[in-house]
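Source file my_file.cif; content: mmCIF, C-alpha atoms.
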```
data_my_file
#
loop_
_atom_site.label_atom_id
_atom_site.label_comp_id
_atom_site.auth_asym_id
_atom_site.auth_seq_id
_atom_site.Cartn_x
_atom_site.Cartn_y
_atom_site.Cartn_z
CA MET A 12 52.82 142.92 99.26
CA ILE A 13 53.87 140.14 101.63
CA ASP A 14 56.67 141.85 103.54
CA ARG A 15 57.50 138.92 105.80
CA TYR A 16 58.53 136.83 102.81
CA THR A 17 60.18 139.56 100.74
CA LEU A 18 63.89 139.09 100.14
CA PRO A 19 65.95 142.25 99.44
CA GLU A 20 66.67 141.74 95.74
CA MET A 21 63.05 141.02 94.88
CA LYS A 22 61.83 143.81 97.15
CA LYS A 23 63.76 146.40 95.11
CA ILE A 24 61.88 145.39 91.98
CA TRP A 25 58.45 146.10 93.44
CA GLU A 26 59.29 149.26 95.36
CA PRO A 27 57.56 152.43 94.07
CA GLU A 28 60.94 154.00 93.27
CA ASN A 29 61.77 151.29 90.73
CA LYS A 30 58.28 151.35 89.21
CA PHE A 31 58.32 155.12 88.69
CA ASN A 32 61.85 154.97 87.31
CA LYS A 33 60.60 152.53 84.69
CA TRP A 34 57.70 154.84 83.86
CA LEU A 35 60.04 157.78 83.49
CA SER A 36 62.41 155.81 81.27
CA ILE A 37 59.56 154.83 78.95
CA GLU A 38 58.26 158.39 78.72
CA ILE A 39 61.73 159.75 77.92
CA LEU A 40 62.39 157.03 75.34
CA ALA A 41 59.06 157.76 73.63
CA ALA A 42 59.95 161.46 73.47
CA GLU A 43 63.37 160.54 72.06
CA ALA A 44 61.72 158.46 69.36
CA LEU A 45 59.48 161.39 68.42
CA SER A 46 62.56 163.54 68.27
CA GLU A 47 64.12 161.04 65.83
CA LEU A 48 61.02 161.57 63.70
CA GLY A 49 61.52 165.34 63.88
CA ARG A 50 58.43 165.97 66.01
CA VAL A 51 60.19 167.03 69.20
CA PRO A 52 63.09 169.53 69.29
CA LYS A 53 66.44 168.02 70.24
CA GLU A 54 66.99 170.73 72.83
CA ALA A 55 63.70 169.76 74.49
CA ILE A 56 64.92 166.19 74.85
CA ALA A 57 68.15 167.41 76.42
CA ASN A 58 66.18 169.52 78.87
CA ILE A 59 63.80 166.67 79.70
CA LYS A 60 66.71 164.31 80.39
CA LYS A 61 68.36 166.90 82.57
CA LYS A 62 65.34 167.87 84.65
CA ALA A 63 62.97 164.90 84.57
CA ARG A 64 62.45 163.47 88.03
CA PHE A 65 59.56 162.60 90.30
CA ASN A 66 58.64 162.92 93.93
CA ILE A 67 56.70 159.98 95.35
CA ALA A 68 55.12 162.01 98.14
CA ARG A 69 54.00 164.58 95.56
CA ILE A 70 52.57 161.85 93.31
CA ASP A 71 50.56 160.50 96.23
CA GLU A 72 49.33 164.00 97.07
CA ILE A 73 48.21 164.72 93.49
CA GLU A 74 46.53 161.31 93.20
CA LYS A 75 44.21 162.16 96.09
CA THR A 76 42.61 164.62 93.70
CA THR A 77 43.11 163.02 90.27
CA ARG A 78 42.53 159.44 91.39
CA HIS A 79 44.73 158.47 88.44
CA ASP A 80 48.27 157.24 89.05
CA VAL A 81 49.79 157.95 85.63
CA ILE A 82 48.36 161.48 85.46
CA SER A 83 49.65 162.12 88.98
CA PHE A 84 53.07 160.86 87.98
CA LEU A 85 53.15 163.00 84.83
CA THR A 86 52.05 166.05 86.78
CA SER A 87 54.88 165.54 89.28
CA VAL A 88 57.42 165.17 86.46
CA SER A 89 56.01 168.18 84.62
CA GLU A 90 56.49 170.34 87.69
CA GLU A 91 60.20 169.55 87.50
CA VAL A 92 60.66 169.75 83.71
CA GLY A 93 58.62 172.86 82.98
CA ALA A 94 57.35 173.86 79.52
CA ASP A 95 59.10 171.02 77.67
CA SER A 96 56.97 168.53 79.59
CA ARG A 97 54.37 169.04 76.84
CA PHE A 98 56.47 166.66 74.73
CA LEU A 99 55.95 163.79 77.19
CA HIS A 100 53.18 161.24 76.70
CA LEU A 101 52.33 162.53 73.21
CA GLY A 102 49.82 160.20 71.53
CA MET A 103 50.19 157.70 74.36
CA THR A 104 47.67 156.15 76.71
CA SER A 105 48.36 155.21 80.32
CA SER A 106 48.59 151.51 79.53
CA ASP A 107 51.44 152.19 77.11
CA VAL A 108 53.44 153.12 80.18
CA LEU A 109 51.88 150.70 82.64
CA ASP A 110 52.03 147.54 80.56
CA THR A 111 55.45 148.18 79.07
CA SER A 112 56.95 148.91 82.48
CA LEU A 113 55.16 145.93 84.04
CA ALA A 114 56.75 143.67 81.42
CA ILE A 115 60.18 144.95 82.45
CA LEU A 116 59.42 144.43 86.15
CA MET A 117 58.14 140.91 85.54
CA ARG A 118 61.22 140.15 83.46
CA GLU A 119 63.47 141.34 86.28
CA ALA A 120 61.55 139.16 88.73
CA ALA A 121 61.82 136.21 86.34
CA ASP A 122 65.59 136.60 86.23
CA ILE A 123 65.78 136.29 90.02
CA ILE A 124 63.49 133.28 89.97
CA LEU A 125 65.54 131.58 87.25
CA SER A 126 68.68 132.11 89.31
CA ASP A 127 66.88 130.62 92.32
CA ILE A 128 65.86 127.55 90.33
CA GLU A 129 69.45 127.05 89.20
CA LYS A 130 70.51 126.93 92.85
CA LEU A 131 67.77 124.42 93.66
CA LEU A 132 68.85 122.25 90.72
CA ALA A 133 72.43 122.25 92.01
CA ALA A 134 71.29 121.25 95.50
CA LEU A 135 69.05 118.46 94.21
CA LYS A 136 71.77 117.09 91.95
CA LYS A 137 74.34 117.00 94.73
CA ARG A 138 72.03 115.29 97.21
CA ALA A 139 70.79 112.88 94.53
CA TYR A 140 74.35 111.66 93.96
CA ASP A 141 75.01 111.64 97.71
CA TYR A 142 72.16 109.16 98.17
CA LYS A 143 72.21 107.46 94.80
CA GLU A 144 72.70 104.02 96.40
CA THR A 145 70.87 104.68 99.69
CA VAL A 146 68.14 102.05 99.61
CA MET A 147 64.65 102.84 100.82
CA ILE A 148 61.16 101.56 100.20
CA GLY A 149 59.14 103.08 97.41
CA ARG A 150 55.54 103.70 98.40
CA THR A 151 52.37 103.84 96.36
CA HIS A 152 49.12 104.88 98.06
CA GLY A 153 51.31 105.36 101.14
CA ILE A 154 51.88 101.59 101.26
CA HIS A 155 55.17 99.74 100.73
CA ALA A 156 55.65 98.95 97.05
CA GLU A 157 59.19 98.05 95.88
CA PRO A 158 62.72 99.23 96.74
CA ILE A 159 64.14 102.45 95.32
CA THR A 160 66.94 104.74 96.50
CA PHE A 161 66.61 108.13 98.11
CA GLY A 162 68.87 109.53 95.42
CA PHE A 163 66.44 108.22 92.80
CA LYS A 164 63.65 110.19 94.50
CA LEU A 165 65.75 113.35 94.49
CA ALA A 166 66.72 112.80 90.86
CA LEU A 167 63.04 112.71 89.98
CA TRP A 168 62.59 116.05 91.76
CA TYR A 169 65.57 117.41 89.83
CA GLU A 170 63.98 116.46 86.51
CA GLU A 171 60.70 118.14 87.48
CA THR A 172 62.55 121.26 88.60
CA LYS A 173 64.38 121.30 85.28
CA ARG A 174 61.01 121.42 83.53
CA ASN A 175 60.01 124.32 85.75
CA TYR A 176 63.20 126.10 84.74
CA GLU A 177 62.29 125.75 81.07
CA ARG A 178 58.72 126.87 81.80
CA MET A 179 60.03 129.97 83.57
CA LYS A 180 62.29 130.80 80.63
CA ARG A 181 59.27 130.54 78.32
CA ALA A 182 57.15 132.66 80.66
CA ARG A 183 59.88 135.30 80.74
CA ASP A 184 59.86 135.34 76.95
CA VAL A 185 56.06 135.49 76.74
CA ILE A 186 55.84 138.48 79.07
CA ASN A 187 58.82 140.32 77.53
CA HIS A 188 56.67 142.44 75.22
CA GLY A 189 55.86 146.14 75.25
CA LYS A 190 53.26 148.32 73.60
CA ILE A 191 53.21 152.02 72.67
CA SER A 192 50.21 151.88 70.38
CA GLY A 193 47.75 154.38 71.81
CA ALA A 194 44.25 154.33 73.20
CA VAL A 195 42.96 151.18 71.48
CA GLY A 196 46.14 149.77 69.97
CA THR A 197 45.73 151.16 66.44
CA PHE A 198 48.64 153.67 66.46
CA ALA A 199 46.11 156.35 65.49
CA ASN A 200 48.02 159.14 67.19
CA ILE A 201 51.52 157.73 67.48
CA ASP A 202 53.91 156.32 64.92
CA PRO A 203 54.77 152.58 65.23
CA PHE A 204 58.41 153.65 65.15
CA VAL A 205 58.00 154.95 68.70
CA GLU A 206 56.97 151.51 69.94
CA GLU A 207 59.85 149.86 68.10
CA TYR A 208 62.31 152.39 69.52
CA VAL A 209 61.10 152.15 73.12
CA CYS A 210 60.96 148.36 73.08
CA LYS A 211 64.40 147.96 71.54
CA LYS A 212 65.96 150.32 74.08
CA SER A 213 64.13 148.50 76.90
CA GLY A 214 65.12 145.00 75.79
CA LEU A 215 61.52 144.15 74.86
CA ARG A 216 59.78 143.02 71.70
CA PRO A 217 56.77 144.95 70.39
CA ASP A 218 53.60 142.99 71.00
CA PRO A 219 52.26 142.21 67.50
CA ALA A 220 48.65 142.99 68.43
CA THR A 221 47.21 144.88 71.38
CA SER A 222 44.07 146.71 72.33
CA GLN A 223 44.50 149.47 74.89
CA ILE A 224 46.45 146.87 76.83
CA ILE A 225 48.74 143.91 76.32
CA GLN A 226 46.43 140.92 76.41
CA ARG A 227 46.29 139.23 79.80
CA ASP A 228 46.83 135.68 78.58
CA ARG A 229 50.53 136.58 78.69
CA HIS A 230 50.34 137.50 82.36
CA ALA A 231 48.21 134.45 83.12
CA GLU A 232 50.81 132.15 81.55
CA TYR A 233 53.47 133.74 83.75
CA LEU A 234 51.35 133.31 86.90
CA LEU A 235 50.46 129.74 85.94
CA THR A 236 54.17 129.01 85.63
CA LEU A 237 54.71 130.36 89.13
CA ALA A 238 51.84 128.17 90.31
CA LEU A 239 53.48 125.11 88.78
CA ILE A 240 56.75 125.93 90.52
CA ALA A 241 54.88 126.40 93.79
CA SER A 242 53.11 123.07 93.34
CA SER A 243 56.38 121.25 92.74
CA ILE A 244 57.84 122.80 95.89
CA ASP A 245 54.66 121.80 97.73
CA LYS A 246 55.08 118.24 96.42
CA PHE A 247 58.67 118.04 97.69
CA ALA A 248 57.62 119.50 101.03
CA VAL A 249 54.72 117.07 101.46
CA GLU A 250 57.04 114.14 100.79
CA ILE A 251 59.55 115.36 103.37
CA ARG A 252 56.71 115.85 105.84
CA HIS A 253 55.68 112.22 105.34
CA LEU A 254 59.24 111.00 105.70
CA GLN A 255 59.58 112.98 108.94
CA ARG A 256 56.56 111.37 110.62
CA THR A 257 57.57 109.64 113.86
CA GLU A 258 56.50 106.24 112.55
CA VAL A 259 58.68 106.70 109.44
CA LEU A 260 61.53 109.11 110.32
CA GLU A 261 63.62 108.40 107.25
CA ALA A 262 64.46 112.08 106.73
CA GLU A 263 63.72 115.34 108.48
CA GLU A 264 64.28 119.06 108.38
CA ALA A 265 67.35 120.30 110.19
CA PHE A 266 66.49 121.35 113.75
CA SER A 267 68.68 124.22 114.89
CA GLU A 268 70.15 124.85 118.32
CA GLY A 269 67.58 126.60 120.49
CA GLN A 270 64.70 125.91 118.11
CA LYS A 271 61.44 124.88 119.77
CA GLY A 272 58.74 122.73 118.19
CA SER A 273 55.88 123.26 120.61
CA SER A 274 54.89 125.59 123.43
CA ALA A 275 53.56 122.59 125.35
CA MET A 276 55.69 119.59 124.32
CA PRO A 277 59.48 119.98 124.58
CA HIS A 278 60.12 116.82 122.55
CA LYS A 279 58.57 118.13 119.33
CA ARG A 280 60.57 118.49 116.08
CA ASN A 281 58.00 119.63 113.56
CA PRO A 282 58.42 120.05 109.76
CA ILE A 283 57.51 123.73 110.00
CA THR A 284 59.39 124.88 106.90
CA CYS A 285 57.70 122.27 104.75
CA GLU A 286 54.31 123.13 106.20
CA ASN A 287 54.99 126.81 105.57
CA LEU A 288 55.87 126.06 101.95
CA SER A 289 52.74 123.98 101.46
CA GLY A 290 50.63 126.83 102.80
CA LEU A 291 52.28 129.48 100.62
CA ALA A 292 51.83 127.30 97.54
CA ARG A 293 48.07 127.64 98.01
CA ILE A 294 48.34 131.41 97.72
CA VAL A 295 50.38 131.22 94.51
CA ARG A 296 47.92 128.75 92.98
CA ALA A 297 44.99 130.96 93.98
CA ASN A 298 46.71 133.96 92.41
CA ALA A 299 46.99 132.03 89.14
CA ILE A 300 43.22 131.60 89.13
CA ALA A 301 42.86 135.36 89.56
CA ALA A 302 45.22 135.85 86.59
CA LEU A 303 42.99 133.62 84.46
CA GLU A 304 40.00 135.70 85.50
CA ASN A 305 41.83 138.79 84.22
CA ILE A 306 41.85 137.53 80.63
CA PRO A 307 38.20 138.30 79.72
CA LEU A 308 37.82 142.10 79.82
CA TRP A 309 35.18 144.35 78.27
CA HIS A 310 35.82 145.25 74.63
CA GLU A 311 39.21 146.94 74.16
CA ARG A 312 39.76 147.19 77.91
CA ASP A 313 38.34 147.74 81.34
CA ILE A 314 40.35 148.06 84.55
CA SER A 315 38.96 145.12 86.52
CA HIS A 316 42.33 143.42 86.06
CA SER A 317 44.37 146.34 87.37
CA SER A 318 43.60 146.13 91.08
CA VAL A 319 44.13 142.37 91.00
CA GLU A 320 47.54 142.59 89.33
CA ARG A 321 48.81 145.10 91.87
CA ILE A 322 48.51 142.26 94.39
CA ILE A 323 48.99 138.96 92.60
CA ILE A 324 52.05 139.73 90.48
CA PRO A 325 54.29 141.21 93.19
CA ASP A 326 53.02 138.72 95.78
CA SER A 327 53.48 135.64 93.61
CA THR A 328 56.99 136.55 92.50
CA ILE A 329 57.92 137.45 96.08
CA LEU A 330 56.55 134.16 97.39
CA ILE A 331 58.21 132.01 94.72
CA ASN A 332 61.53 133.73 95.37
CA TYR A 333 61.16 133.02 99.08
CA MET A 334 59.92 129.45 98.55
CA LEU A 335 62.79 128.56 96.23
CA VAL A 336 65.37 129.91 98.66
CA LYS A 337 63.77 127.99 101.54
CA ILE A 338 63.39 124.66 99.73
CA THR A 339 66.99 124.90 98.47
CA SER A 340 68.27 125.43 102.00
CA LEU A 341 66.05 122.62 103.25
CA ILE A 342 67.40 120.18 100.65
CA GLU A 343 71.00 121.21 101.33
CA ASN A 344 70.58 120.65 105.08
CA LEU A 345 68.13 117.76 105.06
CA ARG A 346 68.90 115.06 107.61
CA VAL A 347 68.72 111.59 106.08
CA TYR A 348 68.66 108.31 108.01
CA PRO A 349 69.73 105.38 105.78
CA GLU A 350 69.57 102.85 108.64
CA THR A 351 65.92 103.70 109.29
CA MET A 352 65.20 103.49 105.59
CA LEU A 353 66.58 99.96 105.47
CA LYS A 354 64.80 99.00 108.68
CA ASN A 355 61.47 100.23 107.30
CA LEU A 356 62.06 98.42 104.02
CA ASN A 357 62.45 95.15 105.93
CA LYS A 358 59.46 95.79 108.17
CA THR A 359 57.11 93.62 106.08
CA GLY A 360 59.40 90.64 106.10
CA GLY A 361 60.15 90.59 102.39
CA LEU A 362 56.66 91.31 101.05
CA VAL A 363 58.14 93.98 98.79
CA PHE A 364 59.70 91.21 96.66
CA SER A 365 56.36 89.65 95.75
CA GLU A 366 56.52 90.73 92.11
CA ARG A 367 59.84 88.95 91.62
CA ILE A 368 58.26 85.69 92.80
CA LEU A 369 55.27 86.27 90.53
CA LEU A 370 57.45 86.87 87.48
CA GLU A 371 59.69 83.88 88.17
CA LEU A 372 56.63 81.63 88.33
CA VAL A 373 55.43 83.07 85.02
CA ASN A 374 58.89 82.45 83.56
CA LYS A 375 58.53 78.82 84.63
CA GLY A 376 55.39 78.49 82.51
CA ILE A 377 52.56 79.17 84.99
CA GLN A 378 49.69 81.35 83.80
CA ARG A 379 50.00 84.84 85.29
CA ASP A 380 46.64 84.82 87.04
CA GLU A 381 47.40 81.48 88.69
CA ALA A 382 50.87 82.65 89.70
CA TYR A 383 49.35 85.81 91.17
CA LYS A 384 46.98 83.76 93.32
CA LEU A 385 49.79 81.58 94.62
CA VAL A 386 51.92 84.56 95.63
CA GLN A 387 49.03 86.59 96.98
CA ARG A 388 47.79 83.91 99.36
CA ASN A 389 51.23 83.78 100.96
CA ALA A 390 51.48 87.57 101.01
CA MET A 391 48.12 87.82 102.79
CA ALA A 392 49.22 85.22 105.31
CA ALA A 393 52.33 87.29 106.00
CA TRP A 394 50.18 90.41 106.43
CA ARG A 395 48.13 88.49 109.00
CA GLY A 396 51.30 87.69 110.92
CA GLU A 397 51.27 83.98 110.09
CA GLY A 398 54.95 83.91 109.18
CA ASN A 399 57.83 85.42 107.26
CA PHE A 400 56.98 85.88 103.58
CA ARG A 401 60.10 84.15 102.30
CA ASP A 402 59.55 81.19 104.59
CA LEU A 403 55.91 80.96 103.58
CA ILE A 404 56.90 80.90 99.90
CA LYS A 405 59.49 78.19 100.54
CA ASN A 406 56.91 76.08 102.38
CA ASP A 407 54.25 76.40 99.67
CA THR A 408 54.21 73.02 97.97
CA GLU A 409 52.66 74.30 94.74
CA ILE A 410 55.27 77.05 94.38
CA LYS A 411 58.07 74.59 95.22
CA LYS A 412 57.07 72.51 92.21
CA HIS A 413 58.44 75.34 90.09
CA LEU A 414 61.00 77.20 92.23
CA ASN A 415 63.71 75.76 94.46
CA ASP A 416 65.19 77.55 97.47
CA LYS A 417 67.97 79.07 95.38
CA ASN A 418 65.48 80.44 92.87
CA ILE A 419 63.43 81.93 95.70
CA ASP A 420 66.41 83.48 97.49
CA GLU A 421 67.48 85.15 94.28
CA CYS A 422 64.10 86.86 94.14
CA PHE A 423 64.86 88.60 97.44
CA ASP A 424 68.03 90.30 96.19
CA LEU A 425 67.91 94.09 96.53
CA LYS A 426 70.48 94.53 93.78
CA HIS A 427 67.94 93.42 91.19
CA HIS A 428 65.72 96.43 91.96
CA LEU A 429 68.60 98.87 91.82
CA ARG A 430 70.39 97.58 88.75
CA ASN A 431 69.11 100.39 86.47
CA ILE A 432 69.62 103.33 88.82
CA ASP A 433 72.80 104.25 86.96
CA TYR A 434 70.86 104.19 83.70
CA VAL A 435 68.20 106.56 85.10
CA PHE A 436 70.85 108.91 86.48
CA LYS A 437 72.65 108.99 83.15
CA ARG A 438 69.37 109.77 81.40
CA ILE A 439 68.67 112.65 83.82
CA PHE A 440 72.13 114.07 84.40
CA GLY A 441 73.91 112.94 81.26
CA GLY A 442 76.54 111.08 83.21
CA ASN A 443 77.98 114.32 84.63
CA GLN A 444 78.10 114.34 88.42
#
```
Let's see the structure in the file written out as structure tokens.
Amino acid sequence: MIDRYTLPEMKKIWEPENKFNKWLSIEILAAEALSELGRVPKEAIANIKKKARFNIARIDEIEKTTRHDVISFLTSVSEEVGADSRFLHLGMTSSDVLDTSLAILMREAADIILSDIEKLLAALKKRAYDYKETVMIGRTHGIHAEPITFGFKLALWYEETKRNYERMKRARDVINHGKISGAVGTFANIDPFVEEYVCKKSGLRPDPATSQIIQRDRHAEYLLTLALIASSIDKFAVEIRHLQRTEVLEAEEAFSEGQKGSSAMPHKRNPITCENLSGLARIVRANAIAALENIPLWHERDISHSSVERIIIPDSTILINYMLVKITSLIENLRVYPETMLKNLNKTGGLVFSERILLELVNKGIQRDEAYKLVQRNAMAAWRGEGNFRDLIKNDTEIKKHLNDKNIDECFDLKHHLRNIDYVFKRIFGGNQ
């Protein structure tokens, strides 16, 4: 478990105390269900509820001999309960306890993650509206393309994050299944009523079909969802890193009082949070691959998946919790430089309006390919430093046959490129700020 990145609420979920409490709850509920069927005396259930407890140190001690965690747990509980402990784990296999409890733990983790995503959505929405009309250059291939606004960029991130929210809700639903169906899933030695009872009391649904285990495609879908969330965060972080480059400096991470960027260079202000997030995203993505590898197991079950899940599920939920908290704080406190954005947009001397010239020439009846050549030759001349693009266009005799100075100036109007920003925002946010 990655302690450095573990926040308190998520840490509680994956602590041994919580895990064993879930195991104990499932065992007691199963015994209750058998009592409802008349197979366990009511007084035994009362005694079990009164006395059932575990000792983690004792479990660890027993496991040194048994090398089996569930048996060690049951032995520890039995030492507390006494003779009535014979009514625990009747007809059950270890995975009935392990998989059902794991579903509950993953659901609890999902609830934290969903809450985190809601906070990120709120931050992105606020900053998107803050910078809805803050003009900047849009880039494709890292090269100036056409004008956008910084709020438009953040709105796009909001929409992607909203999809991740829906994915996480689905993943929570997919994993929210339990099984109390015995050694190979056939209910040979336990009544299906027990599974229904335990799952209902635990807020789970019975998995319609299991072997000895709940099938690992469910867990893989959950881990893949976390990987998608991590990749989106990585995407946002990479963009901020690019915008923070010295040559660009359109936005940057907040730099706190007393913070230092380099042991050698006092001037440094590095995007360390973004770089940290990009690095952690690689771990979450790698864990998703391990989850996919857990799907193909031998026959009705082997335990090759078990050791993997003890690492990848806690670690991935811990990391996503941490990453969401960090990216939300980063967005909330991001420093944005509109003046630099405008300065960078104008750096190419109007080249970013080339498509408007092209389309106006087409509108005047010139074939598109011919119009493209006319505009491109002037654009390339501007790239070579042979003049301002607008001036070059105005001095091109072939273009002037079709466009006058007023027509050309109108093509260099920023408002044209931003005229549908309100439409996009309404489509994303529904008109509610």
Exercise for the section: Would you translate the PyMOL selection byres ((chain A and resi 109-111) around 8) into the concrete set of residues it matches in this file, as a PyMOL selection string? Expected result: chain A and resi 34+37+105-108+112-115+188-191+224-225
Box centre and edge lengths (Å, one decimal), axis-aligned, range 117-123 of chain A plus 8 Å each side, as AutoDock Vina command-line options:
```
--center_x 62.0 --center_y 138.8 --center_z 86.7 --size_x 23.6 --size_y 21.1 --size_z 22.6
```
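The closest residue to Lys211 in chain A, picked from A:Thr351, A:Thr160, A:Asn187, A:Thr197 and counting all atoms listed in the file, is A:Asn187.
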Practice task
Please provide as a list in words all residues within 10 Å of Lys354 in chain A, with the sequence filter that same-chain residues fewer than 6 positions apart are discarded (counting only C-alpha atoms).
Solution key: Met147, Ile148, Val259 and Glu261 of chain A
Using only C-alpha atoms, what table do you get, as JSON lines, when you list each residue of range 161-235 of chain A with an atom no more than 12 Å from range 119-125 of chain A, its nearest pair of atoms, and their distance in Å rounded to one decimal, rows by chain then rising number?
```
{"residue": "A:Thr172", "atom": "CA", "partner": "A:Leu125", "partner_atom": "CA", "distance": 10.8}
{"residue": "A:Lys173", "atom": "CA", "partner": "A:Leu125", "partner_atom": "CA", "distance": 10.5}
{"residue": "A:Arg174", "atom": "CA", "partner": "A:Leu125", "partner_atom": "CA", "distance": 11.7}
{"residue": "A:Asn175", "atom": "CA", "partner": "A:Leu125", "partner_atom": "CA", "distance": 9.2}
{"residue": "A:Tyr176", "atom": "CA", "partner": "A:Leu125", "partner_atom": "CA", "distance": 6.5}
{"residue": "A:Glu177", "atom": "CA", "partner": "A:Leu125", "partner_atom": "CA", "distance": 9.1}
{"residue": "A:Arg178", "atom": "CA", "partner": "A:Leu125", "partner_atom": "CA", "distance": 9.9}
{"residue": "A:Met179", "atom": "CA", "partner": "A:Leu125", "partner_atom": "CA", "distance": 6.8}
{"residue": "A:Lys180", "atom": "CA", "partner": "A:Leu125", "partner_atom": "CA", "distance": 7.4}
{"residue": "A:Arg181", "atom": "CA", "partner": "A:Ala121", "partner_atom": "CA", "distance": 10.1}
{"residue": "A:Ala182", "atom": "CA", "partner": "A:Ala121", "partner_atom": "CA", "distance": 8.2}
{"residue": "A:Arg183", "atom": "CA", "partner": "A:Ala121", "partner_atom": "CA", "distance": 6.0}
{"residue": "A:Asp184", "atom": "CA", "partner": "A:Ala121", "partner_atom": "CA", "distance": 9.6}
{"residue": "A:Val185", "atom": "CA", "partner": "A:Ala121", "partner_atom": "CA", "distance": 11.2}
{"residue": "A:Ile186", "atom": "CA", "partner": "A:Ala121", "partner_atom": "CA", "distance": 9.7}
{"residue": "A:Asn187", "atom": "CA", "partner": "A:Glu119", "partner_atom": "CA", "distance": 10.0}
{"residue": "A:Ser213", "atom": "CA", "partner": "A:Glu119", "partner_atom": "CA", "distance": 11.8}
{"residue": "A:Gly214", "atom": "CA", "partner": "A:Glu119", "partner_atom": "CA", "distance": 11.2}
{"residue": "A:Leu215", "atom": "CA", "partner": "A:Glu119", "partner_atom": "CA", "distance": 11.9}
{"residue": "A:Tyr233", "atom": "CA", "partner": "A:Ala121", "partner_atom": "CA", "distance": 9.1}
{"residue": "A:Leu234", "atom": "CA", "partner": "A:Ala121", "partner_atom": "CA", "distance": 10.9}
```
